[in-house]
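> Take a look at target19.cif, mmCIF, C-alpha atoms and all ligand atoms:
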data_my_file
loop_
_atom_site.label_atom_id
_atom_site.label_comp_id
_atom_site.auth_asym_id
_atom_site.auth_seq_id
_atom_site.Cartn_x
_atom_site.Cartn_y
_atom_site.Cartn_z
CA MET M 951 14.25 3.98 21.37
CA LEU M 952 11.59 3.45 18.67
CA GLN M 953 13.06 6.32 16.69
CA LYS M 954 16.35 4.41 16.49
CA LEU M 955 14.64 1.49 14.76
CA ILE M 956 13.20 3.56 11.93
CA ARG M 957 15.24 3.90 8.74
CA PRO M 958 17.22 7.17 9.03
CA HIS M 959 16.10 8.63 5.70
CA ILE M 960 12.45 8.20 6.68
CA LEU M 961 12.97 10.19 9.90
CA ASN M 962 13.67 13.22 7.71
CA LEU M 963 11.26 12.44 4.91
CA LYS M 964 8.87 15.13 3.77
CA PRO M 965 5.64 13.34 2.82
CA TYR M 966 3.40 14.24 -0.14
CA SER M 967 1.03 16.98 0.84
CA SER M 968 -2.38 16.38 -0.71
CA ALA M 969 -5.02 19.00 -1.40
CA ARG M 970 -6.97 17.58 1.52
CA ASP M 971 -3.99 18.06 3.82
CA GLU M 972 -3.69 21.72 2.99
CA TYR M 973 -7.35 22.66 3.38
CA LYS M 974 -9.29 20.50 5.82
CA GLY M 975 -12.71 22.23 5.82
CA LYS M 976 -15.72 20.26 4.57
CA GLU M 977 -17.79 23.12 3.12
CA GLY M 978 -16.84 25.19 0.10
CA ILE M 979 -16.28 25.26 -3.61
CA PHE M 980 -13.50 22.76 -4.10
CA LEU M 981 -11.31 23.68 -7.04
CA ASP M 982 -8.10 22.45 -5.47
CA ALA M 983 -7.73 18.77 -6.39
CA ASN M 984 -8.48 18.54 -10.11
CA GLU M 985 -11.48 16.32 -9.42
CA ASN M 986 -14.48 16.11 -11.75
CA ALA M 987 -16.93 18.63 -10.29
CA ILE M 988 -19.81 17.43 -12.46
CA GLY M 989 -20.09 13.88 -11.22
CA SER M 990 -19.06 10.28 -11.82
CA ALA M 991 -19.52 7.90 -14.73
CA THR M 992 -21.43 5.73 -12.24
CA ASP M 993 -24.78 6.50 -10.62
CA ARG M 994 -23.19 6.47 -7.22
CA LEU M 995 -20.86 9.44 -6.82
CA PHE M 996 -17.15 8.92 -6.29
CA ASN M 997 -15.86 12.14 -7.82
CA ARG M 998 -14.18 13.44 -4.65
CA TYR M 999 -10.96 12.09 -3.16
CA PRO M 1000 -11.54 10.21 0.09
CA ASP M 1001 -10.28 11.21 3.54
CA PRO M 1002 -6.56 10.30 3.38
CA TYR M 1003 -6.51 9.41 7.11
CA GLN M 1004 -9.95 7.75 7.39
CA ASN M 1005 -10.83 9.79 10.48
CA GLU M 1006 -14.49 8.77 10.71
CA LEU M 1007 -13.58 5.10 10.39
CA LYS M 1008 -10.79 5.42 12.96
CA LYS M 1009 -13.13 7.08 15.43
CA HIS M 1010 -15.36 4.00 15.33
CA LEU M 1011 -12.41 1.59 15.28
CA ALA M 1012 -10.95 3.29 18.36
CA GLU M 1013 -14.24 2.83 20.18
CA PHE M 1014 -14.68 -0.76 19.04
CA HIS M 1015 -11.16 -1.82 20.03
CA ALA M 1016 -10.93 0.42 23.13
CA LEU M 1017 -7.88 2.21 21.69
CA ARG M 1018 -6.97 5.77 20.80
CA GLU M 1019 -7.28 6.93 17.19
CA GLU M 1020 -3.59 7.80 17.16
CA GLN M 1021 -2.81 4.10 17.72
CA ILE M 1022 -4.58 3.03 14.51
CA PHE M 1023 -3.38 2.77 10.91
CA VAL M 1024 -5.59 1.38 8.15
CA GLY M 1025 -4.25 -0.47 5.12
CA GLY M 1026 -6.24 -0.15 1.90
CA ALA M 1027 -4.88 -3.33 0.32
CA GLY M 1028 -5.62 -5.43 3.40
CA SER M 1029 -3.18 -6.19 6.18
CA ASP M 1030 -0.87 -7.26 3.36
CA GLU M 1031 -0.33 -3.53 2.77
CA CYS M 1032 0.43 -3.08 6.47
CA ILE M 1033 3.03 -5.88 6.35
CA GLU M 1034 4.70 -4.27 3.35
CA LEU M 1035 4.78 -0.79 4.91
CA ILE M 1036 6.11 -2.07 8.24
CA ILE M 1037 9.03 -3.76 6.48
CA ARG M 1038 9.71 -0.60 4.47
CA LEU M 1039 9.59 1.57 7.59
CA PHE M 1040 12.16 -0.36 9.62
CA CYS M 1041 14.39 -2.35 7.27
CA GLU M 1042 17.27 -0.98 5.27
CA PRO M 1043 17.51 -3.28 2.19
CA LYS M 1044 20.42 -5.75 2.24
CA GLU M 1045 21.44 -4.48 5.66
CA ASP M 1046 18.65 -5.13 8.16
CA ASN M 1047 16.88 -8.46 8.41
CA ILE M 1048 13.59 -9.88 9.66
CA LEU M 1049 13.00 -13.11 11.57
CA LEU M 1050 10.26 -15.49 10.44
CA LEU M 1051 8.92 -18.49 12.34
CA PRO M 1052 7.92 -21.11 9.74
CA PRO M 1053 5.58 -22.66 8.94
CA THR M 1054 3.72 -19.37 8.76
CA TYR M 1055 1.91 -16.89 6.52
CA GLY M 1056 3.67 -16.42 3.17
CA MET M 1057 3.36 -12.65 2.69
CA TYR M 1058 6.04 -11.75 5.25
CA GLU M 1059 8.59 -13.52 3.07
CA VAL M 1060 7.26 -12.07 -0.18
CA SER M 1061 7.28 -8.50 1.14
CA ALA M 1062 10.81 -8.93 2.50
CA ASN M 1063 11.95 -10.33 -0.85
CA VAL M 1064 10.36 -7.48 -2.80
CA ASN M 1065 12.20 -5.02 -0.58
CA ASN M 1066 15.47 -6.95 -0.76
CA VAL M 1067 15.44 -7.47 3.00
CA PRO M 1068 17.21 -10.66 4.17
CA ILE M 1069 15.23 -13.26 6.10
CA LYS M 1070 16.33 -15.32 9.08
CA THR M 1071 14.21 -18.21 10.29
CA ALA M 1072 13.60 -20.08 13.52
CA ASN M 1073 11.15 -22.91 12.88
CA LEU M 1074 8.25 -23.50 15.22
CA LYS M 1075 8.59 -26.57 17.43
CA PRO M 1076 6.74 -29.75 16.38
CA ASP M 1077 3.79 -28.61 18.55
CA PHE M 1078 3.80 -25.39 16.45
CA GLN M 1079 4.78 -23.25 19.44
CA LEU M 1080 7.65 -20.74 19.50
CA ASP M 1081 11.18 -22.04 20.04
CA THR M 1082 12.14 -18.98 22.08
CA ALA M 1083 15.70 -20.15 22.75
CA LYS M 1084 16.27 -20.63 19.02
CA ILE M 1085 14.65 -17.27 18.25
CA LEU M 1086 16.90 -15.42 20.69
CA GLN M 1087 19.94 -17.26 19.32
CA THR M 1088 19.09 -16.47 15.71
CA ILE M 1089 18.52 -12.72 15.94
CA ASP M 1090 21.48 -10.41 15.47
CA SER M 1091 22.08 -6.68 15.78
CA HIS M 1092 20.50 -6.12 12.35
CA THR M 1093 17.27 -7.99 13.09
CA LYS M 1094 14.61 -5.30 13.03
CA ILE M 1095 11.34 -7.27 13.05
CA ILE M 1096 10.06 -10.63 14.30
CA PHE M 1097 6.75 -11.71 12.75
CA ILE M 1098 4.59 -13.86 15.02
CA CYS M 1099 1.25 -15.09 13.69
CA SER M 1100 -1.31 -16.09 16.34
CA PRO M 1101 -3.50 -17.97 15.64
CA ASN M 1102 -0.92 -19.11 13.13
CA ASN M 1103 -1.62 -19.75 9.46
CA PRO M 1104 -1.43 -22.60 8.29
CA THR M 1105 -1.16 -24.45 11.62
CA ALA M 1106 -4.34 -22.90 13.15
CA ASN M 1107 -3.08 -22.73 16.75
CA LEU M 1108 -2.70 -19.81 19.15
CA ILE M 1109 0.84 -19.08 20.28
CA HIS M 1110 1.29 -19.31 24.07
CA ARG M 1111 1.10 -15.98 25.83
CA GLU M 1112 4.24 -16.50 27.94
CA SER M 1113 6.47 -17.10 24.93
CA ILE M 1114 5.21 -13.97 23.16
CA LEU M 1115 5.86 -12.05 26.40
CA GLU M 1116 9.38 -13.43 26.56
CA ILE M 1117 10.11 -12.23 23.02
CA LEU M 1118 8.59 -8.80 23.70
CA GLU M 1119 10.75 -8.44 26.79
CA LYS M 1120 14.03 -9.74 25.38
CA PHE M 1121 13.99 -8.52 21.77
CA GLU M 1122 14.80 -4.86 21.26
CA GLY M 1123 13.35 -4.61 17.75
CA ILE M 1124 9.75 -4.65 16.54
CA VAL M 1125 7.44 -7.58 17.27
CA VAL M 1126 4.62 -7.81 14.73
CA LEU M 1127 1.80 -9.95 16.06
CA ASP M 1128 -0.52 -10.95 13.23
CA GLU M 1129 -3.99 -11.58 14.69
CA ALA M 1130 -5.87 -12.13 11.42
CA TYR M 1131 -7.78 -15.01 13.08
CA ILE M 1132 -8.10 -13.67 16.64
CA ASP M 1133 -11.92 -13.48 16.49
CA PHE M 1134 -12.11 -17.27 16.21
CA ALA M 1135 -9.91 -17.83 19.26
CA ASP M 1136 -11.03 -17.93 22.85
CA THR M 1137 -8.59 -15.28 24.04
CA PRO M 1138 -8.30 -11.49 24.12
CA SER M 1139 -6.27 -9.52 21.60
CA TRP M 1140 -2.79 -8.25 22.46
CA THR M 1141 -3.97 -4.69 21.76
CA THR M 1142 -4.35 -4.27 25.53
CA GLU M 1143 -0.54 -4.49 25.84
CA LEU M 1144 0.30 -1.74 23.34
CA ASP M 1145 0.96 0.89 25.99
CA ARG M 1146 3.19 -1.49 27.92
CA PHE M 1147 5.28 -2.53 24.88
CA PRO M 1148 6.07 0.34 22.47
CA ASN M 1149 7.77 -2.20 20.16
CA LEU M 1150 4.56 -4.22 19.69
CA ILE M 1151 2.54 -3.93 16.47
CA VAL M 1152 -0.76 -5.85 16.27
CA LEU M 1153 -2.28 -6.62 12.86
CA GLN M 1154 -5.93 -7.48 12.33
CA THR M 1155 -8.09 -7.58 9.21
CA PHE M 1156 -11.63 -7.23 7.94
CA SER M 1157 -11.04 -10.18 5.61
CA LYS M 1158 -11.81 -13.11 7.88
CA ALA M 1159 -14.27 -12.78 10.78
CA TRP M 1160 -15.84 -9.63 9.31
CA GLY M 1161 -16.37 -11.27 5.94
CA MET M 1162 -15.14 -8.33 3.88
CA ALA M 1163 -12.08 -9.75 2.10
CA GLY M 1164 -13.22 -8.10 -1.14
CA LEU M 1165 -12.94 -4.63 0.37
CA ARG M 1166 -9.22 -5.08 1.23
CA LEU M 1167 -9.01 -3.43 4.62
CA GLY M 1168 -6.33 -4.18 7.16
CA LYS M 1169 -5.84 -2.76 10.64
CA THR M 1170 -2.55 -1.93 12.32
CA PHE M 1171 -2.52 -1.11 16.01
CA ALA M 1172 0.72 0.38 17.28
CA ASN M 1173 2.49 3.08 19.22
CA PRO M 1174 1.43 6.55 17.91
CA LEU M 1175 4.99 7.25 16.77
CA ILE M 1176 4.92 4.19 14.51
CA VAL M 1177 1.46 5.11 13.21
CA ASN M 1178 2.74 8.59 12.48
CA TYR M 1179 5.60 7.28 10.34
CA LEU M 1180 3.34 4.76 8.57
CA ASN M 1181 1.13 7.71 7.64
CA LYS M 1182 4.18 9.47 6.20
CA ILE M 1183 5.20 6.61 3.91
CA LYS M 1184 1.78 5.34 2.79
CA LEU M 1185 0.30 6.29 -0.57
CA PRO M 1186 -1.84 9.42 -0.14
CA TYR M 1187 -5.36 8.01 -0.61
CA ASN M 1188 -4.72 4.37 0.26
CA VAL M 1189 -8.26 3.50 1.38
CA SER M 1190 -11.02 4.07 -1.17
CA GLN M 1191 -14.23 5.94 -0.41
CA ILE M 1192 -16.37 2.87 -0.92
CA ALA M 1193 -14.17 0.78 1.37
CA GLN M 1194 -14.27 3.42 4.13
CA GLU M 1195 -18.04 3.78 3.94
CA THR M 1196 -18.85 0.11 3.64
CA VAL M 1197 -16.60 -1.04 6.42
CA LEU M 1198 -18.11 1.58 8.69
CA GLU M 1199 -21.50 0.10 7.92
CA GLY M 1200 -20.14 -3.31 8.95
CA LEU M 1201 -18.57 -1.95 12.13
CA LYS M 1202 -21.88 -0.48 13.19
CA ASN M 1203 -23.45 -3.87 12.59
CA SER M 1204 -21.02 -5.89 14.71
CA LYS M 1205 -23.86 -8.15 15.88
CA LYS M 1206 -23.84 -9.76 12.45
CA GLN M 1207 -20.10 -10.33 12.71
CA GLN M 1208 -20.56 -11.98 16.10
CA ASN M 1209 -23.33 -14.20 14.78
CA MET M 1210 -21.22 -15.31 11.82
CA VAL M 1211 -18.30 -16.11 14.11
CA GLN M 1212 -20.61 -18.20 16.33
CA GLU M 1213 -21.92 -20.04 13.28
CA ILE M 1214 -18.41 -20.74 12.00
CA LEU M 1215 -17.32 -21.97 15.44
CA ALA M 1216 -20.31 -24.34 15.58
CA GLU M 1217 -19.49 -25.61 12.08
CA ARG M 1218 -15.85 -26.00 13.07
CA GLN M 1219 -16.83 -28.14 16.06
CA ASN M 1220 -19.06 -30.32 13.90
CA LEU M 1221 -16.42 -30.68 11.18
CA LEU M 1222 -13.75 -31.65 13.74
CA GLU M 1223 -16.01 -34.37 15.14
CA GLU M 1224 -16.86 -35.78 11.72
CA LEU M 1225 -13.26 -35.62 10.42
CA GLY M 1226 -12.23 -37.50 13.55
CA LYS M 1227 -14.31 -40.48 12.42
CA LEU M 1228 -12.50 -40.81 9.07
CA PRO M 1229 -9.61 -43.33 8.92
CA LEU M 1230 -8.30 -41.34 5.93
CA ILE M 1231 -7.43 -38.45 8.27
CA THR M 1232 -4.53 -39.58 10.43
CA HIS M 1233 -4.25 -36.42 12.52
CA ILE M 1234 -6.27 -33.29 13.21
CA PHE M 1235 -4.35 -30.38 14.69
CA PRO M 1236 -6.06 -28.23 17.34
CA THR M 1237 -7.57 -25.10 15.83
CA ASP M 1238 -8.19 -21.57 17.11
CA ALA M 1239 -9.01 -20.25 13.64
CA ASN M 1240 -11.64 -20.57 10.87
CA PHE M 1241 -9.76 -23.46 9.29
CA VAL M 1242 -8.36 -26.84 10.27
CA LEU M 1243 -5.07 -28.47 9.40
CA VAL M 1244 -5.36 -32.23 8.91
CA ARG M 1245 -2.81 -34.89 8.05
CA THR M 1246 -3.41 -37.76 5.65
CA GLU M 1247 -1.16 -40.39 4.12
CA LYS M 1248 -2.11 -39.41 0.58
CA PRO M 1249 -2.40 -35.61 0.59
CA GLN M 1250 -1.86 -35.13 -3.14
CA GLN M 1251 -4.41 -37.79 -4.14
CA VAL M 1252 -6.97 -36.52 -1.66
CA TYR M 1253 -6.42 -32.97 -2.88
CA GLU M 1254 -6.85 -33.96 -6.54
CA ASP M 1255 -9.86 -36.14 -5.82
CA LEU M 1256 -11.53 -33.20 -4.07
CA VAL M 1257 -10.71 -30.84 -6.93
CA LYS M 1258 -12.40 -33.27 -9.34
CA GLN M 1259 -15.52 -32.79 -7.27
CA LYS M 1260 -15.00 -29.03 -7.35
CA ILE M 1261 -14.05 -28.88 -3.68
CA ILE M 1262 -10.88 -26.85 -3.28
CA VAL M 1263 -8.73 -27.09 -0.17
CA ARG M 1264 -5.16 -25.89 0.33
CA ASN M 1265 -2.45 -28.48 -0.13
CA ARG M 1266 0.24 -27.65 2.43
CA SER M 1267 1.90 -31.08 2.27
CA LYS M 1268 5.18 -29.75 0.91
CA VAL M 1269 5.58 -27.16 3.64
CA SER M 1270 8.22 -28.16 6.15
CA LEU M 1271 6.63 -29.41 9.44
CA CYS M 1272 3.27 -29.69 7.63
CA GLU M 1273 4.19 -32.83 5.66
CA GLY M 1274 1.06 -34.66 4.53
CA CYS M 1275 -1.20 -31.79 5.55
CA LEU M 1276 -4.21 -30.16 3.95
CA ARG M 1277 -5.63 -26.87 5.18
CA ILE M 1278 -9.40 -26.74 5.09
CA THR M 1279 -11.40 -23.54 5.57
CA ILE M 1280 -14.67 -23.91 7.47
CA GLY M 1281 -17.51 -23.53 4.97
CA THR M 1282 -21.26 -23.36 5.29
CA ARG M 1283 -23.19 -26.32 6.71
CA SER M 1284 -23.86 -27.75 3.23
CA GLU M 1285 -20.32 -27.09 1.95
CA ASN M 1286 -18.88 -28.92 4.95
CA ALA M 1287 -21.33 -31.78 4.39
CA ALA M 1288 -20.22 -32.04 0.75
CA LEU M 1289 -16.58 -32.11 1.83
CA LEU M 1290 -17.24 -34.85 4.39
CA GLU M 1291 -19.20 -36.87 1.85
CA ALA M 1292 -16.34 -36.62 -0.66
CA LEU M 1293 -13.78 -37.65 1.96
CA ARG M 1294 -15.91 -40.59 3.08
CA SER M 1295 -16.11 -41.92 -0.47
CA PHE M 1296 -12.40 -41.41 -1.24
C1 LIG P 1301 -5.53 -13.78 5.50
C2 LIG P 1301 -4.34 -13.32 6.28
C3 LIG P 1301 -3.93 -12.00 6.26
C4 LIG P 1301 -4.34 -11.10 5.13
O1 LIG P 1301 -5.29 -10.31 5.36
P1 LIG P 1301 -5.73 -9.20 4.29
O2 LIG P 1301 -6.19 -8.15 5.24
O3 LIG P 1301 -6.79 -9.83 3.49
O4 LIG P 1301 -4.55 -8.76 3.49
C5 LIG P 1301 -2.90 -11.58 7.07
N1 LIG P 1301 -2.28 -12.46 7.88
C6 LIG P 1301 -2.64 -13.73 7.91
C7 LIG P 1301 -1.93 -14.66 8.80
C8 LIG P 1301 -3.66 -14.22 7.09
O5 LIG P 1301 -3.95 -15.51 7.09
#
Hey, can you dump this file as structure tokens for me?

Amino acid sequence: MLQKLIRPHILNLKPYSSARDEYKGKEGIFLDANENAIGSATDRLFNRYPDPYQNELKKHLAEFHALREEQIFVGGAGSDECIELIIRLFCEPKEDNILLLPPTYGMYEVSANVNNVPIKTANLKPDFQLDTAKILQTIDSHTKIIFICSPNNPTANLIHRESILEILEKFEGIVVLDEAYIDFADTPSWTTELDRFPNLIVLQTFSKAWGMAGLRLGKTFANPLIVNYLNKIKLPYNVSQIAQETVLEGLKNSKKQQNMVQEILAERQNLLEELGKLPLITHIFPTDANFVLVRTEKPQQVYEDLVKQKIIVRNRSKVSLCEGCLRITIGTRSENAALLEALRSF
């Protein structure tokens, strides 16, 4: 059934075979990849090509997420790379379409546009939950992927479990569940359901809770068949040596990640309480992420006033259903204090 969803020409595609695919041993005199045998221009050595399949990293990821290595794909330009590859794997340009649920993360649309893949939309309801009836009405026989973001960006809320289940059960294409902010939510990941739903793909990232946005590492958890085809269409060495090594270091130090998440959650609670006291803020939406969406009557003026004080938030006031809204990332204690001070004196 999954096989039927993949673009036919990719089923028969012969991927690039790298030097490291043809000889997998670790010891030897390596004269097979046209590397610089002498060294690197830097003190730290990077003269050898990295592991194209990041096996060491995947071993630790599998353990951390209680999954099998064959269920894991790593994107070397963040989960943005995963989004792009997933669209390329399933969607025939101009023929197949994807379904988006606005307001949501902008990269799904950009990647679809780049690949000339048409987009259908079914807006979230005013409470920012899925309109499942609308979704099921909107899809057609060419809809290959539905992107669901939970917790959703920019609205910050988790999507109800039952409605995601309904989509997984009734939609015969691929459901991509983007969990970039899952570590800030009080709920388990959907990775536990991967064996039950072969059409489910879960995306996570090292950019948010792990604090490694600069490394550009995204995680895709999916059925091994999907992972296998993603491996076939990815660029050969998509995750750099330094990214593989450094992220492994972070993974082994997950206590620090947990502590940072706790600190951000405490700051979030404090910020919510203080924002609630400001008449300027007319509504604060519930948040399960490391940011809050707030409504104000003068979003543009507030935004500009903050910029003048070198405090940059995201103006989402022109996004449909987010009229009047600013998206504010949780900062450090003193950054949040500066923000509150600026808002108080607006
Ligand atoms: C930040 C974000 C990502 C991007 O993550 P990268 O791994 O940095 O590319 C993906 N999805 C959502 C919803 C995000 O907000």
> Counting all atoms listed in the file, figure out which residue out of M:Lys1084, M:Lys1248, M:Lys1202, M:Arg1038 gets nearest to M:Val1064.
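Ranking M:Lys1084, M:Lys1248, M:Lys1202, M:Arg1038 by distance to M:Val1064, first place goes to M:Arg1038.
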> In Å to one decimal, how far is atom CA of M:Ala1135 from atom CA of M:Glu1122?
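Atom-to-atom, atom CA of M:Glu1122 to atom CA of M:Ala1135, that is 28.0 Å.
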> Using 8 Å as the limit and counting all atoms listed in the file, can you tabulate each residue of chain M that touches ligand LIG 1301 (chain P), with its shortest atom-to-atom distance in Å and the two atoms involved, as JSON lines?

{"residue": "M:Gly1025", "atom": "CA", "partner": "P:LIG1301", "partner_atom": "O2", "distance": 7.9}
{"residue": "M:Ala1027", "atom": "CA", "partner": "P:LIG1301", "partner_atom": "O4", "distance": 6.3}
{"residue": "M:Gly1028", "atom": "CA", "partner": "P:LIG1301", "partner_atom": "O2", "distance": 3.3}
{"residue": "M:Ser1029", "atom": "CA", "partner": "P:LIG1301", "partner_atom": "O2", "distance": 3.7}
{"residue": "M:Asp1030", "atom": "CA", "partner": "P:LIG1301", "partner_atom": "O4", "distance": 4.0}
{"residue": "M:Glu1031", "atom": "CA", "partner": "P:LIG1301", "partner_atom": "O4", "distance": 6.8}
{"residue": "M:Thr1054", "atom": "CA", "partner": "P:LIG1301", "partner_atom": "C7", "distance": 7.4}
{"residue": "M:Tyr1055", "atom": "CA", "partner": "P:LIG1301", "partner_atom": "C7", "distance": 5.0}
{"residue": "M:Met1057", "atom": "CA", "partner": "P:LIG1301", "partner_atom": "N1", "distance": 7.7}
{"residue": "M:Cys1099", "atom": "CA", "partner": "P:LIG1301", "partner_atom": "C7", "distance": 5.8}
{"residue": "M:Ser1100", "atom": "CA", "partner": "P:LIG1301", "partner_atom": "C7", "distance": 7.7}
{"residue": "M:Pro1101", "atom": "CA", "partner": "P:LIG1301", "partner_atom": "C7", "distance": 7.8}
{"residue": "M:Asn1102", "atom": "CA", "partner": "P:LIG1301", "partner_atom": "C7", "distance": 6.3}
{"residue": "M:Asn1103", "atom": "CA", "partner": "P:LIG1301", "partner_atom": "C7", "distance": 5.1}
{"residue": "M:Pro1104", "atom": "CA", "partner": "P:LIG1301", "partner_atom": "O5", "distance": 7.6}
{"residue": "M:Asp1128", "atom": "CA", "partner": "P:LIG1301", "partner_atom": "N1", "distance": 5.8}
{"residue": "M:Glu1129", "atom": "CA", "partner": "P:LIG1301", "partner_atom": "C7", "distance": 7.0}
{"residue": "M:Ala1130", "atom": "CA", "partner": "P:LIG1301", "partner_atom": "C6", "distance": 5.0}
{"residue": "M:Tyr1131", "atom": "CA", "partner": "P:LIG1301", "partner_atom": "O5", "distance": 7.1}
{"residue": "M:Leu1153", "atom": "CA", "partner": "P:LIG1301", "partner_atom": "C5", "distance": 7.6}
{"residue": "M:Gln1154", "atom": "CA", "partner": "P:LIG1301", "partner_atom": "O2", "distance": 7.1}
{"residue": "M:Thr1155", "atom": "CA", "partner": "P:LIG1301", "partner_atom": "O2", "distance": 4.4}
{"residue": "M:Phe1156", "atom": "CA", "partner": "P:LIG1301", "partner_atom": "O2", "distance": 6.1}
{"residue": "M:Ser1157", "atom": "CA", "partner": "P:LIG1301", "partner_atom": "O3", "distance": 4.8}
{"residue": "M:Lys1158", "atom": "CA", "partner": "P:LIG1301", "partner_atom": "C1", "distance": 6.7}
{"residue": "M:Ala1163", "atom": "CA", "partner": "P:LIG1301", "partner_atom": "O3", "distance": 5.5}
{"residue": "M:Arg1166", "atom": "CA", "partner": "P:LIG1301", "partner_atom": "O3", "distance": 5.8}
{"residue": "M:Leu1167", "atom": "CA", "partner": "P:LIG1301", "partner_atom": "O2", "distance": 5.5}
{"residue": "M:Gly1168", "atom": "CA", "partner": "P:LIG1301", "partner_atom": "O2", "distance": 4.4}
{"residue": "M:Lys1169", "atom": "CA", "partner": "P:LIG1301", "partner_atom": "O2", "distance": 7.6}
> Would you compute the distance between atom CA of M:Val1125 and atom CA of M:Asn1173? Give it in Å to one decimal.
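Between atom CA of M:Val1125 and atom CA of M:Asn1173 the gap works out to 11.9 Å.
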> Within 9 Å of stretch 1204-1223 of chain M, which residues of stretch 1049-1165 of chain M show up? Give each one with its shortest atom-to-atom distance in Å (one decimal) and the two atoms involved, counting only C-alpha atoms, rows by chain then rising residue number, as a tab-separated table.

residue	atom	partner	partner_atom	distance
M:Asp1133	CA	M:Val1211	CA	7.3
M:Phe1134	CA	M:Val1211	CA	6.6
M:Ala1159	CA	M:Val1211	CA	6.2
M:Trp1160	CA	M:Gln1207	CA	5.5
M:Gly1161	CA	M:Gln1207	CA	7.8
> In Å to one decimal, how far is atom CA of M:Leu1127 from atom CA of M:Ser1190?
25.6 Å
> Quick one: everything within 12 Å of M:Leu1017, counting all atoms listed in the file, minus sequence neighbours fewer than 5 positions away in the same chain. Send it as an MDAnalysis selection string.
chainID M and resid 1008:1012 1022:1023 1139:1145 1170:1174
> Would you mind telling me which residue in M:Met951, M:Val1189, M:Ile1231, M:Ala1287 lies nearest to M:Arg1245 when using all atoms listed in the file?
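Among the listed residues, the smallest separation from M:Arg1245 belongs to M:Ile1231.
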> Using all atoms listed in the file, pick whichever of M:Val1197, M:Leu1086, M:Ile1183, M:Ile1280 has the shortest atom-to-atom distance to M:Asn962.
M:Ile1183
> With all atoms listed in the file as the basis for distance, which of M:Asn984, M:Ser1113, M:Asn1188, M:Ser990 is at the shortest distance from M:Leu1035?
M:Asn1188
> Taking only C-alpha atoms into account, name the residue in M:Glu1199, M:Ser967, M:Ser1267, M:Glu1285 that is nearest to M:Glu1006.
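Answer, going by the shortest atom-to-atom distance: M:Glu1199.
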> Excluding M:Ala1083 and residues on its chain fewer than 6 positions from it, collect all residues at most 12 Å away from it, counting only C-alpha atoms, and give them as a list in words.
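Neighbouring residues, sequence-local ones excluded: Ala1072, Asn1073, Leu1074, Lys1075, Ile1089, Ser1113, Glu1116, Ile1117, Lys1120 and Phe1121 of chain M.
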> Can you tell me which residues surround M:Tyr1179 at a distance of at most 8 Å, considering all atoms listed in the file, apart from same-chain residues fewer than 2 positions away, and format the answer as an NGL selection string?
:M and (960-961 or 1039 or 1175-1177 or 1181-1183)
> May I ask which of the residues M:Ile1095, M:Leu1165, M:Ile1037, M:Ile1085 is the closest one to M:Pro1052, counting all atoms listed in the file?
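That would be M:Ile1085, the residue with the smallest distance to M:Pro1052.
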